[in-house]
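Remarks on the structure that follows.
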Amino acid sequence: MSATPEWVMVGGEGPESYNQNSYYQRALLEAAKEKMNEAISSKLSLDMISDRFSVADFGCATGPNTFVAVQNIIDAVEDKYRKETGQNPADNIEFQVLFNDFTTNDFNTLFQSLPQGRRYYSAGVPGSFFERVLPKQSFHIGVINYAFHFTSKIPKGITDRDSPSWNRDMHCTGFNEAVKKAYLDQYSADTKNLLDARAEELVPGGLMLLFGSCLRDGVKMSETAKGIVLDIVGDSLNDLAQQGVIEQDKVDSFSTPLYFAEEGEIRQIIKENGKFTIEAFEDIVHSKGEFTIDPKILAVSCRASFGSFLSAHFGGEVITKAFELIEAKARQELPRFHNAKPGMQYLIVLRKN
Ligand SMILES: C[S@@+](CC[C@H](N)C(=O)[O-])C[C@H]1O[C@@H](n2cnc3c(N)ncnc32)[C@H](O)[C@@H]1O
């Protein structure tokens with residue numbers, strides 16, 4: 001099996017870019033802001049806020065959400081400092097922000113759109129967050145927004161027709177026990193590597209703030225709106241194969257390096273890893289609900305997130321056709337979305353042990 005391509009977002013600032021189509025991911029940062037402020041106020045020790053304070057965003061993409069994430073953190077740290085010392089943070093603290101993503105991420109768009117008037121210095125940190133990407137003890141607060149559901153590769157057997165864990169339906173409906181186990185094993189191993197790496201890079205007492213989506217315990221991905229979206233993508237690819245636009249073999253050997261874990265699985269992985277204490281695991285009510293169910297918006301935002309990954313497997317020329325089908329199918333499937341079981345959006349606050 002060939003190596004899994006890096007799953008980057010569609011670059012630039014054009015109408016199909018991630019930069020212009022990531023409101024959904026941003027809404028969680030806004031909805032969870034109060035809880036995040038409380039966590040920084042109560043879990044970060046005041047003596048960590050001195051001279052130089054570093055914030056690192058892992059899986060930052062091309063903006064603008066990353067700027068919202070890091071600014072919210074800086075505001076909360078400054079607020080705590082101001083309240084507890086009576087001093088102006090601008091007189092005493094310099095902030096540094098470390099932006100991490102794959103080397104193939106569009107860092108040019110990111111750096112060209114850095115907010116005017118920001119009060120921090122910036123640096124890019126290229127490389128996979130499943131490995132060490134920074135020196136020991138180099139940041140105080142780390143953040144991950146909507147990137148804690150990736151695996152480093154598609155698990156063994158998933159794309160192999162002769163394997164019991166062959167996942168014919170791309171991800172969801174055909175997610176049998178063998179497929180689930182293969183994904184969960186891969187996700188657990190990768191997430192433990194991610195936690196090990198961050199534990200080395202964080203200063204003692206530092207925090208990791210994880211924002212993202214998971215499954216409520218006992219709910220299957222295929223029963224949720226996100227699962228329905230994945231099924232629609234898979235069905236559309238199958239239709240294109242039946243129309244002779246792409247080869248059926250290509251569809252049968254396609255899968256994603258994504259795993260939306262159950263809450264209990266995430267807790268278990270963090271506990272087994274042992275490098276962090278879970279200070280909070282908040283169930284956040286997201287203003288955009290489970291997922292936008294406007295078929296047009298859904299297809300465009302899906303294209304901004306999935307487009308590059310699909311192009312790497314199927315070739316760029318079929319992508320427009322694929323997303324036209326995805327939009328049409330989403331329209332037909334509207335009743336299914338209305339009956340979907342709720343997923344869960346979270347803010348997890350981890351403190352380094
Ligand atoms: C859905 S986007 C979220 C982007 C951004 N955090 C936001 O809130 O808009 C997921 C990001 O994670 C990045 N990513 C996925 N796997 C990664 C890895 N192993 N190392 C670094 N970045 C990764 C992708 O390139 C992408 O930019």
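All residue names refer to the structure tokens as shown: chains lettered A, B, ... in order, residues numbered from 1 in each chain, ligands numbered from 1 in order.
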Using only C-alpha atoms and all ligand atoms, which residues have at least one atom no more than 8 Å from ligand 1? Output them as a JSON list (two decimals) with C-alpha atoms, in the first residue's frame.
```
[["chain", "number", "residue", "atom", "x", "y", "z"],
["A", 6, "GLU", "CA", -0.76, 14.43, 4.00],
["A", 7, "TRP", "CA", -4.30, 15.74, 4.54],
["A", 8, "VAL", "CA", -3.94, 19.51, 4.11],
["A", 9, "MET", "CA", -6.70, 22.06, 3.60],
["A", 18, "TYR", "CA", -10.32, 26.60, 3.63],
["A", 19, "ASN", "CA", -9.53, 30.18, 4.63],
["A", 22, "SER", "CA", -14.06, 27.32, 7.89],
["A", 25, "GLN", "CA", -14.52, 25.16, 12.92],
["A", 26, "ARG", "CA", -14.32, 28.77, 14.16],
["A", 57, "ASP", "CA", -1.12, 25.89, 17.60],
["A", 58, "PHE", "CA", -0.87, 22.37, 16.18],
["A", 59, "GLY", "CA", -2.63, 21.83, 12.82],
["A", 60, "CYS", "CA", -3.09, 25.58, 12.28],
["A", 61, "ALA", "CA", -4.02, 25.40, 8.53],
["A", 62, "THR", "CA", -4.08, 28.70, 6.61],
["A", 63, "GLY", "CA", -6.06, 30.93, 8.99],
["A", 64, "PRO", "CA", -8.08, 32.74, 10.03],
["A", 65, "ASN", "CA", -9.28, 30.39, 12.81],
["A", 66, "THR", "CA", -5.81, 29.94, 14.23],
["A", 69, "ALA", "CA", -7.56, 30.60, 18.82],
["A", 100, "ASN", "CA", 2.49, 24.17, 13.29],
["A", 101, "ASP", "CA", 1.17, 22.19, 10.33],
["A", 102, "PHE", "CA", 2.46, 19.84, 7.63],
["A", 104, "THR", "CA", 2.68, 21.06, 2.51],
["A", 105, "ASN", "CA", 0.27, 23.43, 4.31],
["A", 126, "PRO", "CA", 6.61, 22.56, 9.90],
["A", 127, "GLY", "CA", 6.12, 18.83, 10.44],
["A", 128, "SER", "CA", 3.71, 16.18, 11.65],
["A", 129, "PHE", "CA", 2.39, 16.75, 15.16],
["A", 130, "PHE", "CA", 2.64, 13.03, 15.83],
["A", 144, "ILE", "CA", -5.43, 21.97, 18.72],
["A", 145, "ASN", "CA", -8.65, 22.96, 16.97],
["A", 146, "TYR", "CA", -10.40, 20.32, 14.84],
["A", 147, "ALA", "CA", -7.26, 18.32, 14.25],
["A", 148, "PHE", "CA", -7.47, 15.77, 17.08],
["A", 150, "PHE", "CA", -6.58, 12.46, 12.46],
["A", 151, "THR", "CA", -4.49, 9.32, 12.33],
["A", 152, "SER", "CA", -0.96, 9.32, 10.91],
["A", 305, "SER", "CA", -11.42, 20.38, 3.84]]
```
Considering only C-alpha atoms, give me a table of residues in stretch 145-232 of chain A that are at most 9 Å from stretch 28-36 of chain A, with the closest atom pair and distance in Å for each, as JSON lines.
```
{"residue": "A:Asn145", "atom": "CA", "partner": "A:Leu29", "partner_atom": "CA", "distance": 7.9}
{"residue": "A:Leu209", "atom": "CA", "partner": "A:Met36", "partner_atom": "CA", "distance": 8.0}
{"residue": "A:Phe211", "atom": "CA", "partner": "A:Leu28", "partner_atom": "CA", "distance": 7.3}
{"residue": "A:Gly212", "atom": "CA", "partner": "A:Leu28", "partner_atom": "CA", "distance": 7.7}
```
Rank A:Glu84, A:Asp79, A:Glu16, A:Glu333 by their smallest atom-to-atom distance to A:Val229, using only C-alpha atoms, and report the top residue only.
-> A:Glu333
Using DSSP assignments from the backbone, pull out every residue in stretch 108-187 of chain A that falls under strand (DSSP E or B) and give it to me as an mmCIF file with C-alpha atoms, in the first residue's frame.
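Written file, result35.cif:
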```
data_model
loop_
_atom_site.group_PDB
_atom_site.id
_atom_site.type_symbol
_atom_site.label_atom_id
_atom_site.label_comp_id
_atom_site.auth_asym_id
_atom_site.auth_seq_id
_atom_site.Cartn_x
_atom_site.Cartn_y
_atom_site.Cartn_z
ATOM 1 C CA TYR A 120 2.932 38.633 19.391
ATOM 2 C CA TYR A 121 5.920 37.443 17.397
ATOM 3 C CA SER A 122 5.272 34.543 14.989
ATOM 4 C CA ALA A 123 7.159 31.520 13.752
ATOM 5 C CA GLY A 124 6.236 28.571 11.535
ATOM 6 C CA VAL A 125 6.861 25.038 12.770
ATOM 7 C CA PRO A 126 6.606 22.561 9.902
ATOM 8 C CA PHE A 139 5.811 26.590 25.005
ATOM 9 C CA HIS A 140 3.366 27.284 27.856
ATOM 10 C CA ILE A 141 -0.036 26.666 26.261
ATOM 11 C CA GLY A 142 -0.711 24.474 23.218
ATOM 12 C CA VAL A 143 -3.944 24.385 21.249
ATOM 13 C CA ILE A 144 -5.425 21.973 18.717
ATOM 14 C CA ASN A 145 -8.653 22.961 16.969
ATOM 15 C CA PHE A 150 -6.582 12.457 12.459
#
```
Out of A:Lys192, A:His313, A:Lys296, A:His338, which residue has the shortest atom-to-atom distance to A:Glu131 when counting only C-alpha atoms?
-> A:Lys192
Mind checking which residues fall within 8 Å of A:Glu223, counting only C-alpha atoms, ignoring those fewer than 5 positions away in the same chain, and posting them as a list in words?
-> Ile228, Ala340 and Lys341 of chain A
Top pick for closest residue to A:Ser236, considering A:Leu258, A:Ala299, A:Ile269, A:Ile154 and counting only C-alpha atoms = A:Ala299
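Distances to A:Ser54 were evaluated for A:Tyr23, A:Phe175, A:Phe95, A:Tyr346 using only C-alpha atoms, and the minimum falls at A:Phe95.
When only C-alpha atoms are used to compute distances to A:Asp249, the closest of the residues A:Ser222, A:Asp160, A:Ala182, A:Val285 turns out to be A:Asp160.
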What is the distance between atom CA of A:Leu215 and atom CA of A:Gly343, in Å to one decimal?
-> 5.1 Å
Contacts of A:Pro295 at 7 Å or less, counting only C-alpha atoms, minus same-chain residues fewer than 3 places along, as a compact mmCIF listing (two decimals) with C-alpha atoms, in the first residue's frame?
```txt
# COMPACT_ATOMS: atom_id res chain seq x y z
CA LEU A 298 -22.00 21.77 3.14
CA ALA A 299 -20.52 20.87 -0.28
CA GLU A 327 -24.36 18.70 -3.05
CA ALA A 330 -26.98 16.12 0.50
CA ARG A 331 -30.22 17.71 -0.76
```
Using only C-alpha atoms, the best pick from A:Leu230, A:Glu13, A:His286, A:Gly218 as closest to A:Asn108 would be A:Glu13
re atom CA of A:Phe276 and atom CA of A:Asn353: distance 5.1 Å
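Separating atom CA of A:Val219 from atom CA of A:Met344 is a distance of 10.2 Å.
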Selection: 10 Å around A:Pro342, only C-alpha atoms, excl. self and same-chain fewer than 3 positions, as a PyMOL selection string | chain A and resi 215-216+219+223-226+289-290+339+345
Selection export as a compact mmCIF listing (two decimals), in the first residue's frame, atoms kept: C-alpha atoms:
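The file below, out_30.txt, is the result:
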```txt
# COMPACT_ATOMS: atom_id res chain seq x y z
CA LEU A 215 -18.85 10.67 19.51
CA ARG A 216 -21.00 10.25 22.57
CA VAL A 219 -23.22 6.28 19.27
CA GLU A 223 -25.79 7.69 13.03
CA THR A 224 -24.44 11.26 13.27
CA ALA A 225 -24.56 14.15 10.79
CA LYS A 226 -20.80 13.98 10.21
CA GLY A 289 -25.13 22.65 15.55
CA GLU A 290 -23.80 19.31 14.43
CA ASN A 339 -33.05 12.33 12.28
CA GLN A 345 -18.18 19.11 20.41
```
Within 9 Å of A:Leu240 using only C-alpha atoms, minus same-chain residues under 6 positions, as an MDAnalysis selection string = chainID A and resid 246:248 318 321:322 325
Dump as a compact mmCIF listing (two decimals), in the first residue's frame, selection limited to all heavy atoms:
```
# COMPACT_ATOMS: atom_id res chain seq x y z
N ILE A 246 -14.44 7.48 -12.82
CA ILE A 246 -13.25 7.01 -12.12
C ILE A 246 -13.32 5.48 -12.03
O ILE A 246 -14.39 4.90 -12.24
CB ILE A 246 -13.13 7.62 -10.68
CG1 ILE A 246 -14.45 7.50 -9.91
CG2 ILE A 246 -12.66 9.04 -10.71
CD1 ILE A 246 -14.40 8.08 -8.50
N GLU A 247 -12.19 4.86 -11.74
CA GLU A 247 -12.18 3.39 -11.69
C GLU A 247 -12.74 2.91 -10.36
O GLU A 247 -12.44 3.48 -9.31
CB GLU A 247 -10.75 2.88 -11.83
CG GLU A 247 -10.17 3.07 -13.20
CD GLU A 247 -8.66 2.92 -13.17
OE1 GLU A 247 -8.15 2.12 -12.34
OE2 GLU A 247 -8.01 3.61 -13.95
N GLN A 248 -13.52 1.80 -10.43
CA GLN A 248 -14.10 1.23 -9.21
C GLN A 248 -12.97 0.83 -8.24
O GLN A 248 -13.09 1.00 -7.02
CB GLN A 248 -14.98 0.02 -9.55
CG GLN A 248 -15.76 -0.54 -8.37
CD GLN A 248 -16.80 0.44 -7.81
OE1 GLN A 248 -17.59 1.02 -8.56
NE2 GLN A 248 -16.81 0.64 -6.50
N VAL A 318 -11.58 15.32 -11.46
CA VAL A 318 -12.92 14.81 -11.13
C VAL A 318 -13.55 15.52 -9.92
O VAL A 318 -14.71 15.27 -9.57
CB VAL A 318 -12.92 13.28 -10.85
CG1 VAL A 318 -12.42 12.51 -12.04
CG2 VAL A 318 -12.14 12.94 -9.61
N LYS A 321 -16.86 17.61 -10.36
CA LYS A 321 -17.99 16.70 -10.58
C LYS A 321 -18.38 16.01 -9.26
O LYS A 321 -19.57 15.90 -8.94
CB LYS A 321 -17.55 15.67 -11.63
CG LYS A 321 -18.59 14.78 -12.14
CD LYS A 321 -18.67 14.84 -13.68
CE LYS A 321 -19.90 14.16 -14.22
NZ LYS A 321 -21.13 14.82 -14.07
N ALA A 322 -17.38 15.57 -8.53
CA ALA A 322 -17.66 14.87 -7.26
C ALA A 322 -18.45 15.78 -6.31
O ALA A 322 -19.44 15.35 -5.71
CB ALA A 322 -16.36 14.42 -6.61
N LEU A 325 -22.09 16.27 -7.22
CA LEU A 325 -22.88 15.11 -6.78
C LEU A 325 -23.12 15.14 -5.27
O LEU A 325 -24.21 14.82 -4.80
CB LEU A 325 -22.11 13.83 -7.11
CG LEU A 325 -22.48 13.08 -8.36
CD1 LEU A 325 -21.61 11.85 -8.50
CD2 LEU A 325 -23.95 12.67 -8.31
```
